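Chemist: Got a file for you: target31.txt, compact mmCIF, C-alpha atoms.
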```
# COMPACT_ATOMS: atom_id res chain seq x y z
CA PRO N 263 -16.58 -57.15 -13.51
CA ASP N 264 -17.24 -57.74 -9.81
CA ILE N 265 -20.61 -56.70 -8.39
CA ASP N 266 -18.90 -53.77 -6.62
CA CYS N 267 -18.10 -52.34 -10.08
CA LYS N 268 -14.66 -51.32 -8.89
CA THR N 269 -12.67 -54.49 -9.39
CA ILE N 270 -12.23 -57.16 -12.01
CA LEU N 271 -12.81 -60.74 -10.94
CA LYS N 272 -10.26 -63.27 -12.13
CA GLU N 273 -12.05 -66.40 -13.20
CA THR N 274 -10.61 -69.28 -15.16
CA ARG N 275 -12.96 -71.26 -17.40
CA GLU N 276 -12.36 -74.24 -19.59
CA ILE N 277 -14.01 -73.60 -22.95
CA SER N 278 -13.80 -74.83 -26.50
CA ILE N 279 -12.06 -72.14 -28.51
CA PRO N 280 -13.63 -71.50 -31.91
CA ASP N 281 -11.50 -71.34 -35.03
CA GLY N 282 -10.30 -67.82 -35.71
CA ASN N 283 -9.92 -64.80 -33.48
CA GLU N 284 -13.28 -63.27 -34.47
CA GLY N 285 -15.21 -66.22 -33.06
CA TYR N 286 -13.03 -66.18 -29.96
CA VAL N 287 -13.78 -62.48 -29.33
CA LYS N 288 -17.53 -63.16 -29.74
CA LEU N 289 -17.28 -65.95 -27.18
CA ILE N 290 -15.35 -63.72 -24.74
CA ILE N 291 -18.00 -60.99 -25.03
CA SER N 292 -20.77 -63.52 -24.45
CA LYS N 293 -19.07 -64.90 -21.33
CA LEU N 294 -18.45 -61.42 -19.90
CA ILE N 295 -22.05 -60.38 -20.44
CA SER N 296 -23.38 -63.52 -18.75
CA GLY N 297 -21.25 -62.83 -15.67
CA SER N 298 -19.32 -65.02 -13.30
CA THR N 299 -20.07 -68.73 -12.98
CA VAL N 300 -19.36 -68.47 -9.23
CA ASP N 301 -20.98 -65.16 -8.21
CA ASN N 302 -24.07 -63.55 -9.70
CA THR N 303 -22.48 -60.58 -11.45
CA SER N 304 -24.89 -60.42 -14.41
CA ALA N 305 -26.38 -57.17 -13.03
CA THR N 306 -23.16 -55.36 -13.91
CA VAL N 307 -24.08 -55.44 -17.61
CA PRO N 308 -27.63 -54.06 -18.06
CA VAL N 309 -27.63 -54.49 -21.85
CA ASP N 310 -27.46 -57.12 -24.50
CA ILE N 311 -24.77 -56.46 -27.06
CA PHE N 312 -25.28 -57.16 -30.75
CA ILE N 313 -21.92 -57.44 -32.49
CA ARG N 314 -21.95 -55.67 -35.85
CA LYS N 315 -18.35 -56.38 -36.84
CA ILE N 316 -15.02 -57.45 -35.42
CA TRP N 317 -11.76 -56.83 -37.18
CA PHE N 318 -8.07 -56.73 -36.39
CA GLN N 319 -5.54 -54.10 -37.34
CA HIS N 320 -1.94 -54.87 -36.38
CA ASP N 321 -2.08 -55.47 -32.60
CA THR N 322 -5.56 -53.98 -32.11
CA CYS N 323 -8.96 -55.68 -31.95
CA ILE N 324 -11.79 -53.38 -33.04
CA ILE N 325 -15.33 -54.33 -32.03
CA ASP N 326 -18.39 -52.49 -33.34
CA VAL N 327 -21.56 -53.15 -31.33
CA ILE N 328 -25.17 -52.10 -30.83
CA PRO N 329 -26.20 -52.21 -27.15
CA THR N 330 -29.87 -52.71 -26.24
CA LEU N 331 -31.49 -52.57 -22.81
CA LEU N 332 -32.48 -55.91 -21.36
CA GLU N 333 -36.17 -56.62 -20.88
CA ASP N 334 -35.88 -56.81 -17.09
CA LYS N 335 -34.88 -53.10 -17.04
CA ARG N 336 -31.89 -53.53 -14.77
CA LYS N 337 -30.82 -50.43 -12.93
CA PHE N 338 -27.68 -48.67 -14.00
CA ILE N 339 -24.94 -49.15 -11.41
CA PRO N 340 -22.32 -46.38 -11.56
CA GLY N 341 -18.96 -47.66 -12.76
CA THR N 342 -20.29 -50.77 -14.50
CA GLU N 343 -19.54 -49.68 -18.03
CA LYS N 344 -15.97 -48.61 -17.27
CA ILE N 345 -15.16 -51.88 -15.49
CA PHE N 346 -16.88 -53.90 -18.26
CA LYS N 347 -14.68 -52.24 -20.89
CA GLU N 348 -11.56 -52.85 -18.78
CA SER N 349 -12.58 -56.49 -18.27
CA LEU N 350 -13.17 -56.96 -21.98
CA GLU N 351 -9.79 -55.50 -22.92
CA LYS N 352 -7.97 -57.49 -20.23
CA THR N 353 -9.65 -60.77 -21.20
CA ILE N 354 -9.00 -60.33 -24.92
CA THR N 355 -5.37 -59.20 -24.56
CA GLU N 356 -4.53 -61.98 -22.10
CA ASN N 357 -6.12 -64.72 -24.20
CA ILE N 358 -5.46 -63.82 -27.82
CA PRO N 359 -1.77 -63.69 -28.76
CA ASN N 360 -0.52 -60.52 -30.44
CA ILE N 361 -3.55 -58.41 -29.42
CA LYS N 362 -2.42 -55.51 -27.23
CA ASN N 363 -5.35 -53.06 -27.57
CA VAL N 364 -9.12 -53.20 -27.85
CA ILE N 365 -11.29 -50.47 -29.32
CA LEU N 366 -15.03 -50.70 -28.66
CA LEU N 367 -17.30 -48.79 -31.02
CA ASP N 368 -21.03 -48.06 -30.58
CA ARG N 369 -22.55 -48.09 -34.07
CA GLY N 370 -19.16 -47.13 -35.50
CA ILE N 371 -18.46 -44.32 -33.03
CA PRO N 372 -15.59 -44.65 -30.52
CA GLY N 373 -15.81 -43.35 -26.97
CA ARG N 374 -19.59 -43.46 -26.59
CA ASN N 375 -21.27 -44.76 -23.47
CA LEU N 376 -22.78 -48.15 -24.21
CA TRP N 377 -25.60 -48.08 -21.71
CA GLN N 378 -25.71 -44.86 -19.79
CA GLN N 379 -27.29 -43.16 -22.83
CA ASN N 380 -30.03 -45.80 -22.89
CA LEU N 381 -31.46 -44.90 -19.47
```
Rewrite the structure of this file - the entire thing - as structure tokens.
Modeler:
Amino acid sequence: PDIDCKTILKETREISIPDGNEGYVKLIISKLISGSTVDNTSATVPVDIFIRKIWFQHDTCIIDVIPTLLEDKRKFIPGTEKIFKESLEKTITENIPNIKNVILLDRGIPGRNLWQQNL
């Protein structure tokens, strides 16, 4: 996500891809959370995300997470969560063949806010 929380930055990185799609999804999440290597966009994700489980069903990647507030108590910027979720789906579907959809669960529950509830 860009710092304006309205657009998605396109950034190409050269990385070593782990074996298996699960490891690749974990790496993608880690890179998105850390932000851009060019611009400081780390403020757009005010939480750390513990990944409980990742699995694949047909053309869908399902990710179950537990978000926790970062120690520096970053302020919530409106729109950050929506653009983070869009960035995650776009990055996964563009980089992992055969994945067309991404479902993000918070402790097994779909559709929950990942960090707005933690304020």
Chemist: With a distance cut-off of 12 Å and all atoms listed in the file, select the neighbouring residues of segment 291-296 of chain N, excluding the residue or stretch itself and same-chain residues fewer than 6 positions from it, and output the selection as an MDAnalysis selection string.
Modeler: chainID N and resid 263:264 270:277 284:285 302:313 316 325:327 329 332 342:343 345:354 366
Chemist: Store the residues picked out above in a file with C-alpha atoms, as a compact mmCIF listing (two decimals), in the frame of the given file.
Modeler:
```txt
# COMPACT_ATOMS: atom_id res chain seq x y z
CA PRO N 263 -16.58 -57.15 -13.51
CA ASP N 264 -17.24 -57.74 -9.81
CA ILE N 270 -12.23 -57.16 -12.01
CA LEU N 271 -12.81 -60.74 -10.94
CA LYS N 272 -10.26 -63.27 -12.13
CA GLU N 273 -12.05 -66.40 -13.20
CA THR N 274 -10.61 -69.28 -15.16
CA ARG N 275 -12.96 -71.26 -17.40
CA GLU N 276 -12.36 -74.24 -19.59
CA ILE N 277 -14.01 -73.60 -22.95
CA GLU N 284 -13.28 -63.27 -34.47
CA GLY N 285 -15.21 -66.22 -33.06
CA ASN N 302 -24.07 -63.55 -9.70
CA THR N 303 -22.48 -60.58 -11.45
CA SER N 304 -24.89 -60.42 -14.41
CA ALA N 305 -26.38 -57.17 -13.03
CA THR N 306 -23.16 -55.36 -13.91
CA VAL N 307 -24.08 -55.44 -17.61
CA PRO N 308 -27.63 -54.06 -18.06
CA VAL N 309 -27.63 -54.49 -21.85
CA ASP N 310 -27.46 -57.12 -24.50
CA ILE N 311 -24.77 -56.46 -27.06
CA PHE N 312 -25.28 -57.16 -30.75
CA ILE N 313 -21.92 -57.44 -32.49
CA ILE N 316 -15.02 -57.45 -35.42
CA ILE N 325 -15.33 -54.33 -32.03
CA ASP N 326 -18.39 -52.49 -33.34
CA VAL N 327 -21.56 -53.15 -31.33
CA PRO N 329 -26.20 -52.21 -27.15
CA LEU N 332 -32.48 -55.91 -21.36
CA THR N 342 -20.29 -50.77 -14.50
CA GLU N 343 -19.54 -49.68 -18.03
CA ILE N 345 -15.16 -51.88 -15.49
CA PHE N 346 -16.88 -53.90 -18.26
CA LYS N 347 -14.68 -52.24 -20.89
CA GLU N 348 -11.56 -52.85 -18.78
CA SER N 349 -12.58 -56.49 -18.27
CA LEU N 350 -13.17 -56.96 -21.98
CA GLU N 351 -9.79 -55.50 -22.92
CA LYS N 352 -7.97 -57.49 -20.23
CA THR N 353 -9.65 -60.77 -21.20
CA ILE N 354 -9.00 -60.33 -24.92
CA LEU N 366 -15.03 -50.70 -28.66
```
Chemist: Can you report as AutoDock Vina command-line options the centre and edge lengths in Å, to one decimal, of an axis-aligned box around the listed atoms of segment 351-355 of chain N padded with 5 Å on each side?
Modeler:
```
--center_x -7.6 --center_y -58.1 --center_z -22.6 --size_x 14.4 --size_y 15.3 --size_z 14.7
```
Chemist: Quick one, how far is atom CA of Thr330 of chain N from atom CA of Val287 of chain N?
Modeler: 19.1 Å
Chemist: Would you mind telling me which residue in N:Pro372, N:Lys288, N:Asn283, N:Lys344 lies nearest to Asn360 of chain N when using all atoms listed in the file?
Modeler: N:Asn283
Chemist: So, with all atoms listed in the file as the atoms that count, which of N:Pro340, N:Gly297, N:Phe318, N:Leu376 lies closest to Ile358 of chain N?
Modeler: N:Phe318
Chemist: When you draw a straight line from atom CA of Gly341 of chain N to atom CA of Ile328 of chain N, how long is it in Å?
Modeler: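 It comes out at 19.6 Å.
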Chemist: Quick one: distance from atom CA of Thr355 of chain N to atom CA of Phe338 of chain N in Å, one decimal?
Modeler: 26.8 Å
Chemist: Taking into account only C-alpha atoms, which residue in the set N:Leu331, N:Ile361, N:Leu289, N:Asn375 is nearest to Gln319 of chain N?
Modeler: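 Checking each candidate against Gln319 of chain N, we get N:Ile361 as the closest.
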